[in-house]
Amino acid sequence: MNDILNSPFISEMAEITSNMYRLGWNERNGGNISVLLGEDEVAPYLDVTRVLRTIPTGFEAPELTGKYFLVTGTGKYFRRVAADPENTLGIVRVADGGRTAELLWGFSDGGKFTSEFPAHMMSHAARLSVDSDNRVIMHCHPTYTLAMNYIHPLDDRSFTHTLWQMCTECIVVFPEGVGVLPWMVCGTNEIGLATAEKMKEYRAVVWGMHGLYCAGKSMEEAFGLVETVEKAAQIFVLTAGKPRVNTIRDPELRALAESFGVSYRADFLD
Ligand code: 13P
Ligand code: ZN
């Protein structure tokens with residue numbers, strides 16, 4: 001059996017969480033990540049027949065039964081993942097129609113997966129239903145995206161339109177737009193269901209006055225999406241309240257999307 005601490009998935013998780021912390025997206029225990037792993041990926045590092053504990057999830061997700069996830073722990077600090085992966089991370093296999101998670105590795109102090117496990121699992125199911133290559137759900141509290149939430153209307157169309165105007169790359173990186181949810185109590189099945197509903201349409205979902213959820217085929221891709229939304233939000237906040245002398249106009253956004261050949265939400269343009 002190989003040493004799991006040298007596995008590509010633990011190494012990448014350590015690197016990504018460290019970067020997210022340093023970028024100010026994940027203060028204290030803020031944020032969480034889950035990564036879908038194939039049995040072939042985990043088997044060289046784990047005896048998959050050895051279940052350490054079973055943990056109830058409080059929801060059902062039959063389509064995820066038997067799937068393996070690397071997931072951050074509740075209350076764990078992103079700043080500490082690289083130094084203490086076995087305590088801050090866990091590998092679980094979804095069982096019993098989604099009602100239970102079988103712990104195979106990690107959460108060594110007796111802890112468990114993130115309180116946002118429902119939103120993660122429901123989002124995985126939603127993304128997989130539209131993109132079988134999706135692997136990652138990433139939640140964080142990026143500063144400027146949050147600041148923008150307080151001074152901008154919270155609806156999919158206008159939020160997306162503003163972000164697209166802030167950086168030329170935006171409409172190319174997230175041509176489908178960004179979904180926006182109102183403020184809701186986090187950690188619940190309700191916010192999980194609402195997030196998953198948006199995730200059928202968008203890979204990026206803003207949780208009003210809380211943070212951002214991003215999906216991707218890899219940690220790199222989800223990270224890049226957060227980065228791009230956050231950069232656009234930063235430009236918005238830095239220019240908010242100042243006279244707008246120049247902007248990227250809708251015909252220019254249209255020309256950009258068409259030139260890059262992306263399928264974009266034309267109805268989000270005026
Ligand atoms: P956890 O520590 O349970 O992952 O919660 C952090 C968070 O960001 C809640 O939305
Ligand atoms: Zn959060």
# chains A, B, ... in the order shown; residues from 1 in each chain; ligands from 1
call {"tool": "residues_near_ligand", "arguments": {"ligand": "ligand 2", "cutoff": "9 Å", "atoms": "only C-alpha atoms and all ligand atoms", "output": "JSON list (two decimals) with C-alpha atoms, in the first residue's frame"}}
result
[["chain", "number", "residue", "atom", "x", "y", "z"],
["A", 26, "ASN", "CA", -10.88, 31.05, 3.59],
["A", 29, "ASN", "CA", -12.65, 27.39, 9.08],
["A", 30, "GLY", "CA", -14.42, 29.29, 6.29],
["A", 31, "GLY", "CA", -15.09, 27.30, 3.15],
["A", 32, "ASN", "CA", -14.95, 23.64, 2.21],
["A", 116, "GLU", "CA", -22.01, 21.96, 4.07],
["A", 139, "HIS", "CA", -16.89, 26.80, -1.38],
["A", 140, "CYS", "CA", -15.13, 29.93, -0.11],
["A", 141, "HIS", "CA", -15.70, 33.45, 1.19],
["A", 186, "CYS", "CA", -26.12, 27.71, 5.76],
["A", 187, "GLY", "CA", -25.46, 24.05, 6.55],
["A", 207, "TRP", "CA", -24.58, 32.57, -1.71],
["A", 210, "HIS", "CA", -22.01, 34.50, 2.52],
["A", 211, "GLY", "CA", -19.72, 33.35, -0.28],
["A", 212, "LEU", "CA", -19.28, 31.45, -3.48],
["A", 213, "TYR", "CA", -19.71, 27.86, -4.68]]
call {"tool": "residues_around", "arguments": {"residues": "Lys198 (chain A)", "least_positions_apart": "5", "cutoff": "10 Å", "atoms": "only C-alpha atoms", "output": "list in words"}}
result
Ser123, Ala126, Arg127, Asp156, Val178, Gly179, Val180, Leu181, Leu193, Arg203, Ala204, Val205 and Val206 of chain A
call {"tool": "write_last_selection", "arguments": {"atoms": "all heavy atoms", "output": "mmCIF file, in the first residue's frame"}}
result
data_model
loop_
_atom_site.group_PDB
_atom_site.id
_atom_site.type_symbol
_atom_site.label_atom_id
_atom_site.label_comp_id
_atom_site.auth_asym_id
_atom_site.auth_seq_id
_atom_site.Cartn_x
_atom_site.Cartn_y
_atom_site.Cartn_z
ATOM 1 N N SER A 123 -24.894 19.230 -4.944
ATOM 2 C CA SER A 123 -24.291 19.927 -6.098
ATOM 3 C C SER A 123 -23.540 18.948 -6.990
ATOM 4 O O SER A 123 -23.585 19.062 -8.217
ATOM 5 C CB SER A 123 -23.338 21.033 -5.632
ATOM 6 O OG SER A 123 -24.062 22.045 -4.974
ATOM 7 N N ALA A 126 -26.101 17.229 -9.020
ATOM 8 C CA ALA A 126 -26.652 18.130 -10.053
ATOM 9 C C ALA A 126 -25.656 18.334 -11.188
ATOM 10 O O ALA A 126 -26.016 18.254 -12.369
ATOM 11 C CB ALA A 126 -27.021 19.477 -9.430
ATOM 12 N N ARG A 127 -24.404 18.586 -10.866
ATOM 13 C CA ARG A 127 -23.390 18.806 -11.918
ATOM 14 C C ARG A 127 -23.194 17.538 -12.743
ATOM 15 O O ARG A 127 -23.086 17.605 -13.963
ATOM 16 C CB ARG A 127 -22.040 19.238 -11.325
ATOM 17 C CG ARG A 127 -21.923 20.659 -10.838
ATOM 18 C CD ARG A 127 -22.384 21.717 -11.807
ATOM 19 N NE ARG A 127 -21.740 21.659 -13.110
ATOM 20 C CZ ARG A 127 -22.203 22.294 -14.195
ATOM 21 N NH1 ARG A 127 -23.276 23.045 -14.131
ATOM 22 N NH2 ARG A 127 -21.569 22.187 -15.343
ATOM 23 N N ASP A 156 -29.485 36.605 -10.865
ATOM 24 C CA ASP A 156 -28.548 35.959 -11.798
ATOM 25 C C ASP A 156 -28.159 36.894 -12.946
ATOM 26 O O ASP A 156 -26.974 37.043 -13.267
ATOM 27 C CB ASP A 156 -29.166 34.701 -12.435
ATOM 28 C CG ASP A 156 -29.588 33.646 -11.415
ATOM 29 O OD1 ASP A 156 -29.429 33.868 -10.204
ATOM 30 O OD2 ASP A 156 -30.091 32.588 -11.852
ATOM 31 N N VAL A 178 -23.547 33.350 -13.796
ATOM 32 C CA VAL A 178 -23.386 33.015 -12.383
ATOM 33 C C VAL A 178 -24.774 32.988 -11.760
ATOM 34 O O VAL A 178 -25.579 33.891 -11.990
ATOM 35 C CB VAL A 178 -22.507 34.112 -11.712
ATOM 36 C CG1 VAL A 178 -22.581 34.053 -10.204
ATOM 37 C CG2 VAL A 178 -21.064 34.003 -12.177
ATOM 38 N N GLY A 179 -25.058 31.955 -10.986
ATOM 39 C CA GLY A 179 -26.328 31.890 -10.270
ATOM 40 C C GLY A 179 -26.202 32.623 -8.934
ATOM 41 O O GLY A 179 -25.120 32.647 -8.351
ATOM 42 N N VAL A 180 -27.296 33.199 -8.483
ATOM 43 C CA VAL A 180 -27.243 33.947 -7.221
ATOM 44 C C VAL A 180 -28.397 33.510 -6.325
ATOM 45 O O VAL A 180 -29.553 33.477 -6.758
ATOM 46 C CB VAL A 180 -27.329 35.470 -7.469
ATOM 47 C CG1 VAL A 180 -27.191 36.237 -6.160
ATOM 48 C CG2 VAL A 180 -26.270 35.932 -8.467
ATOM 49 N N LEU A 181 -28.074 33.162 -5.094
ATOM 50 C CA LEU A 181 -29.101 32.829 -4.106
ATOM 51 C C LEU A 181 -29.191 33.964 -3.087
ATOM 52 O O LEU A 181 -28.179 34.614 -2.795
ATOM 53 C CB LEU A 181 -28.733 31.536 -3.364
ATOM 54 C CG LEU A 181 -28.816 30.237 -4.155
ATOM 55 C CD1 LEU A 181 -28.338 29.064 -3.295
ATOM 56 C CD2 LEU A 181 -30.240 29.978 -4.637
ATOM 57 N N LEU A 193 -30.381 22.110 -1.510
ATOM 58 C CA LEU A 193 -31.296 21.906 -2.639
ATOM 59 C C LEU A 193 -31.312 23.124 -3.562
ATOM 60 O O LEU A 193 -31.282 22.983 -4.792
ATOM 61 C CB LEU A 193 -32.720 21.646 -2.117
ATOM 62 C CG LEU A 193 -32.942 20.265 -1.490
ATOM 63 C CD1 LEU A 193 -34.245 20.221 -0.694
ATOM 64 C CD2 LEU A 193 -32.946 19.172 -2.576
ATOM 65 N N ARG A 203 -21.914 26.828 -13.125
ATOM 66 C CA ARG A 203 -20.830 26.224 -12.340
ATOM 67 C C ARG A 203 -20.430 27.118 -11.177
ATOM 68 O O ARG A 203 -19.659 26.711 -10.316
ATOM 69 C CB ARG A 203 -19.607 25.967 -13.225
ATOM 70 C CG ARG A 203 -19.777 24.817 -14.212
ATOM 71 C CD ARG A 203 -18.708 24.872 -15.272
ATOM 72 N NE ARG A 203 -18.764 26.145 -15.959
ATOM 73 C CZ ARG A 203 -17.709 26.840 -16.365
ATOM 74 N NH1 ARG A 203 -16.500 26.379 -16.194
ATOM 75 N NH2 ARG A 203 -17.875 27.996 -16.970
ATOM 76 N N ALA A 204 -20.917 28.363 -11.190
ATOM 77 C CA ALA A 204 -20.616 29.280 -10.090
ATOM 78 C C ALA A 204 -21.923 29.781 -9.492
ATOM 79 O O ALA A 204 -22.793 30.254 -10.227
ATOM 80 C CB ALA A 204 -19.787 30.456 -10.588
ATOM 81 N N VAL A 205 -22.060 29.632 -8.177
ATOM 82 C CA VAL A 205 -23.276 30.072 -7.496
ATOM 83 C C VAL A 205 -22.873 30.942 -6.299
ATOM 84 O O VAL A 205 -22.107 30.496 -5.433
ATOM 85 C CB VAL A 205 -24.122 28.872 -7.013
ATOM 86 C CG1 VAL A 205 -25.354 29.335 -6.255
ATOM 87 C CG2 VAL A 205 -24.530 27.982 -8.190
ATOM 88 N N VAL A 206 -23.390 32.168 -6.295
ATOM 89 C CA VAL A 206 -23.143 33.078 -5.177
ATOM 90 C C VAL A 206 -24.172 32.789 -4.092
ATOM 91 O O VAL A 206 -25.365 32.696 -4.381
ATOM 92 C CB VAL A 206 -23.267 34.550 -5.651
ATOM 93 C CG1 VAL A 206 -23.234 35.509 -4.468
ATOM 94 C CG2 VAL A 206 -22.181 34.887 -6.672
#
call {"tool": "select_by_dssp", "arguments": {"residues": "region 107-269 of chain A", "states": "helix (DSSP H, G or I)", "output": "number ranges by chain"}}
result
A: 117-130, 143-151, 156-166, 170-173, 189-199, 219-239, 250-260, 266-268
call {"tool": "select_by_dssp", "arguments": {"residues": "region 18-248 of chain A", "states": "strand (DSSP E)", "output": "PyMOL selection string"}}
result
chain A and resi 32-37+53-56+68-72+89-95+100-106+136-140+179-181+204-207+211-216
call {"tool": "write_last_selection", "arguments": {"atoms": "C-alpha atoms", "output": "mmCIF file, in the first residue's frame"}}
result
data_model
loop_
_atom_site.group_PDB
_atom_site.id
_atom_site.type_symbol
_atom_site.label_atom_id
_atom_site.label_comp_id
_atom_site.auth_asym_id
_atom_site.auth_seq_id
_atom_site.Cartn_x
_atom_site.Cartn_y
_atom_site.Cartn_z
ATOM 1 C CA ASN A 32 -14.946 23.640 2.207
ATOM 2 C CA ILE A 33 -13.998 21.430 -0.745
ATOM 3 C CA SER A 34 -15.138 18.016 -1.922
ATOM 4 C CA VAL A 35 -13.495 16.011 -4.684
ATOM 5 C CA LEU A 36 -15.018 12.961 -6.352
ATOM 6 C CA LEU A 37 -12.400 10.205 -6.616
ATOM 7 C CA ARG A 53 -16.708 4.758 11.097
ATOM 8 C CA THR A 54 -20.088 5.382 9.520
ATOM 9 C CA ILE A 55 -21.441 8.915 9.754
ATOM 10 C CA PRO A 56 -25.092 9.823 9.113
ATOM 11 C CA TYR A 68 -15.736 8.207 -3.013
ATOM 12 C CA PHE A 69 -15.104 11.787 -1.909
ATOM 13 C CA LEU A 70 -12.128 13.557 -0.430
ATOM 14 C CA VAL A 71 -13.680 16.294 1.716
ATOM 15 C CA THR A 72 -12.603 18.955 4.188
ATOM 16 C CA LEU A 89 -9.464 15.980 5.606
ATOM 17 C CA GLY A 90 -11.355 12.728 5.204
ATOM 18 C CA ILE A 91 -12.131 10.200 2.498
ATOM 19 C CA VAL A 92 -15.666 8.884 2.615
ATOM 20 C CA ARG A 93 -17.737 6.516 0.518
ATOM 21 C CA VAL A 94 -21.419 7.354 0.194
ATOM 22 C CA ALA A 95 -23.648 4.453 1.263
ATOM 23 C CA THR A 100 -24.559 7.434 5.428
ATOM 24 C CA ALA A 101 -20.938 8.238 4.719
ATOM 25 C CA GLU A 102 -18.400 5.498 5.374
ATOM 26 C CA LEU A 103 -15.162 6.987 6.636
ATOM 27 C CA LEU A 104 -12.148 5.241 5.090
ATOM 28 C CA TRP A 105 -9.395 7.687 6.039
ATOM 29 C CA GLY A 106 -8.880 10.963 7.920
ATOM 30 C CA VAL A 136 -15.017 19.192 -7.636
ATOM 31 C CA ILE A 137 -17.233 21.459 -5.554
ATOM 32 C CA MET A 138 -15.420 24.341 -3.865
ATOM 33 C CA HIS A 139 -16.890 26.802 -1.379
ATOM 34 C CA CYS A 140 -15.128 29.926 -0.107
ATOM 35 C CA GLY A 179 -26.328 31.890 -10.270
ATOM 36 C CA VAL A 180 -27.243 33.947 -7.221
ATOM 37 C CA LEU A 181 -29.101 32.829 -4.106
ATOM 38 C CA ALA A 204 -20.616 29.280 -10.090
ATOM 39 C CA VAL A 205 -23.276 30.072 -7.496
ATOM 40 C CA VAL A 206 -23.143 33.078 -5.177
ATOM 41 C CA TRP A 207 -24.580 32.573 -1.714
ATOM 42 C CA GLY A 211 -19.720 33.348 -0.275
ATOM 43 C CA LEU A 212 -19.285 31.450 -3.483
ATOM 44 C CA TYR A 213 -19.712 27.862 -4.685
ATOM 45 C CA CYS A 214 -17.812 26.752 -7.770
ATOM 46 C CA ALA A 215 -17.762 23.448 -9.622
ATOM 47 C CA GLY A 216 -15.200 22.016 -11.982
#
call {"tool": "closest_residue", "arguments": {"among": "A:Thr145, A:Ser158, A:Thr188, A:Asn87", "to": "Thr228 (chain A)", "atoms": "only C-alpha atoms"}}
result
A:Thr145
call {"tool": "atom_distance", "arguments": {"atom1": "CA of Leu23 (chain A)", "atom2": "CA of Glu230 (chain A)"}}
result
10.4 Å
call {"tool": "residues_around", "arguments": {"residues": "region 147-152 of chain A", "least_positions_apart": "5", "cutoff": "7 Å", "atoms": "only C-alpha atoms", "output": "JSON, numbers by chain"}}
result
{"A": [208, 209, 233, 237]}
call {"tool": "write_last_selection", "arguments": {"atoms": "C-alpha atoms", "output": "JSON list (two decimals), in the first residue's frame"}}
result
[["chain", "number", "residue", "atom", "x", "y", "z"],
["A", 208, "GLY", "CA", -25.88, 36.06, -0.95],
["A", 209, "MET", "CA", -23.78, 37.77, 1.74],
["A", 233, "ALA", "CA", -15.89, 41.60, -8.22],
["A", 237, "VAL", "CA", -15.81, 47.26, -5.84]]
call {"tool": "closest_residue", "arguments": {"among": "A:Pro118, A:Gly241, A:Gly97, A:Gly177", "to": "ligand 1", "atoms": "only C-alpha atoms and all ligand atoms"}}
result
A:Pro118
call {"tool": "closest_residue", "arguments": {"among": "A:Val172, A:Leu256, A:Ala232, A:Leu52", "to": "Ser108 (chain A)", "atoms": "only C-alpha atoms"}}
result
A:Leu52
